[in-house]
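Structure data (PDB, C-alpha atoms, pLDDT in the B column) from work_24.pdb:
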```
ATOM      1  CA  MET A   1     -68.557  13.822 -19.307  1.00 59.00           C
ATOM      2  CA  VAL A   2     -69.693  16.047 -22.119  1.00 55.00           C
ATOM      3  CA  ILE A   3     -67.236  18.747 -23.141  1.00 60.00           C
ATOM      4  CA  TYR A   4     -68.684  21.784 -24.854  1.00 61.00           C
ATOM      5  CA  PRO A   5     -67.925  25.488 -25.100  1.00 78.00           C
ATOM      6  CA  VAL A   6     -69.338  27.472 -22.188  1.00 83.00           C
ATOM      7  CA  PRO A   7     -72.514  29.168 -23.422  1.00 86.00           C
ATOM      8  CA  VAL A   8     -73.010  32.894 -22.961  1.00 89.00           C
ATOM      9  CA  GLU A   9     -75.952  32.324 -20.615  1.00 90.00           C
ATOM     10  CA  VAL A  10     -73.788  30.350 -18.179  1.00 91.00           C
ATOM     11  CA  THR A  11     -71.075  32.997 -18.234  1.00 92.00           C
ATOM     12  CA  GLN A  12     -73.625  35.770 -17.650  1.00 94.00           C
ATOM     13  CA  ALA A  13     -75.163  33.891 -14.708  1.00 94.00           C
ATOM     14  CA  ARG A  14     -71.714  33.377 -13.167  1.00 94.00           C
ATOM     15  CA  ILE A  15     -70.842  37.051 -13.594  1.00 95.00           C
ATOM     16  CA  GLN A  16     -74.113  38.100 -11.943  1.00 95.00           C
ATOM     17  CA  LEU A  17     -73.373  35.777  -9.034  1.00 95.00           C
ATOM     18  CA  LEU A  18     -69.891  37.259  -8.638  1.00 96.00           C
ATOM     19  CA  VAL A  19     -71.261  40.823  -8.777  1.00 96.00           C
ATOM     20  CA  ASP A  20     -73.844  40.069  -6.095  1.00 94.00           C
ATOM     21  CA  GLN A  21     -71.298  38.284  -3.888  1.00 95.00           C
ATOM     22  CA  THR A  22     -68.897  41.213  -4.190  1.00 95.00           C
ATOM     23  CA  ALA A  23     -71.676  43.660  -3.346  1.00 95.00           C
ATOM     24  CA  LYS A  24     -72.615  41.495  -0.343  1.00 95.00           C
ATOM     25  CA  ALA A  25     -76.175  41.100  -1.572  1.00 93.00           C
ATOM     26  CA  PRO A  26     -78.802  39.418   0.623  1.00 95.00           C
ATOM     27  CA  ALA A  27     -78.623  35.636   0.929  1.00 95.00           C
ATOM     28  CA  LYS A  28     -81.828  35.189  -1.096  1.00 96.00           C
ATOM     29  CA  THR A  29     -80.325  37.072  -4.059  1.00 95.00           C
ATOM     30  CA  ILE A  30     -77.177  34.962  -3.975  1.00 94.00           C
ATOM     31  CA  SER A  31     -79.268  31.803  -3.679  1.00 95.00           C
ATOM     32  CA  ASP A  32     -81.312  32.853  -6.714  1.00 95.00           C
ATOM     33  CA  ASP A  33     -78.092  33.554  -8.615  1.00 94.00           C
ATOM     34  CA  LEU A  34     -76.787  30.070  -7.787  1.00 95.00           C
ATOM     35  CA  LYS A  35     -80.042  28.543  -9.017  1.00 96.00           C
ATOM     36  CA  ALA A  36     -79.693  30.541 -12.235  1.00 95.00           C
ATOM     37  CA  VAL A  37     -76.147  29.217 -12.760  1.00 94.00           C
ATOM     38  CA  TYR A  38     -77.221  25.613 -12.168  1.00 95.00           C
ATOM     39  CA  HIS A  39     -80.227  26.020 -14.453  1.00 95.00           C
ATOM     40  CA  ALA A  40     -78.162  27.586 -17.263  1.00 93.00           C
ATOM     41  CA  LYS A  41     -75.585  24.800 -16.997  1.00 92.00           C
ATOM     42  CA  ALA A  42     -78.293  22.109 -17.079  1.00 93.00           C
ATOM     43  CA  VAL A  43     -79.952  23.612 -20.142  1.00 92.00           C
ATOM     44  CA  ALA A  44     -76.597  23.902 -21.930  1.00 87.00           C
ATOM     45  CA  GLU A  45     -75.635  20.326 -21.098  1.00 86.00           C
ATOM     46  CA  GLU A  46     -79.009  19.020 -22.268  1.00 89.00           C
ATOM     47  CA  ALA A  47     -78.663  20.918 -25.535  1.00 85.00           C
ATOM     48  CA  ALA A  48     -75.159  19.517 -26.027  1.00 79.00           C
ATOM     49  CA  LEU A  49     -76.433  15.985 -25.443  1.00 82.00           C
ATOM     50  CA  VAL A  50     -79.292  16.441 -27.903  1.00 83.00           C
ATOM     51  CA  ASN A  51     -76.844  17.730 -30.515  1.00 77.00           C
ATOM     52  CA  ALA A  52     -74.498  14.801 -29.886  1.00 71.00           C
ATOM     53  CA  GLN A  53     -77.328  12.285 -30.281  1.00 71.00           C
ATOM     54  CA  THR A  54     -78.583  13.780 -33.536  1.00 70.00           C
ATOM     55  CA  GLU A  55     -75.201  13.607 -35.258  1.00 63.00           C
ATOM     56  CA  GLU A  56     -74.678  10.794 -37.728  1.00 62.00           C
ATOM     57  CA  PRO A  57     -72.964   7.687 -36.369  1.00 62.00           C
ATOM     58  CA  SER A  58     -69.345   7.083 -37.173  1.00 61.00           C
ATOM     59  CA  LEU A  59     -68.536   5.144 -40.341  1.00 65.00           C
ATOM     60  CA  VAL A  60     -65.827   3.167 -38.549  1.00 66.00           C
ATOM     61  CA  ASP A  61     -66.858  -0.414 -37.833  1.00 66.00           C
ATOM     62  CA  VAL A  62     -64.948  -1.872 -34.911  1.00 69.00           C
ATOM     63  CA  LYS A  63     -65.290  -5.584 -34.244  1.00 73.00           C
ATOM     64  CA  VAL A  64     -63.943  -7.141 -31.110  1.00 70.00           C
TER      65      VAL A  64
END
```

Rewrite the structure from the file as structure tokens, please.
Amino acid sequence: MVIYPVPVEVTQARIQLLVDQTAKAPAKTISDDLKAVYHAKAVAEEAALVNAQTEEPSLVDVKV
């Protein structure tokens, strides 16, 4: 599992979902909000993986 700071986009999508749920918005709006949260999380995770792969490998050589 990749651990990374929660990006602003994910937080904003979650807040919008909470606002719409509290306001008892139509089901389609809530569904769209959920899709936005999942999409923001996927983009953030992909970016974190790309950044992790581009970092230089460790200089520690472990032999088993």

Expressed in Å, the length from CA of Val6 in chain A to CA of Ala40 in chain A is 10.1 Å

One decimal, in Å: what's the spacing between CA of Gln16 in chain A and CA of Ala47 in chain A?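 Here the two named atoms are 22.4 Å from each other.
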
Practice problem: May I ask which of the residues A:Lys63, A:Thr54, A:Pro5, A:Asp20 is the closest one to Leu34 in chain A, counting all atoms listed in the file? | Solution: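 Using all atoms listed in the file, the shortest distance to Leu34 in chain A belongs to A:Asp20.
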
Show me, as a ChimeraX atom specification, the residues that have an atom within 10 Å of Val19 in chain A when counting all atoms listed in the file, minus same-chain residues fewer than 5 positions from it. /A:13-14,24-25,30,33

- Task: Provide the CA of Tyr38 in chain A to CA of Ile15 in chain A distance in Å, to one decimal place.
- Result: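 Separating CA of Tyr38 in chain A from CA of Ile15 in chain A is a distance of 13.2 Å.
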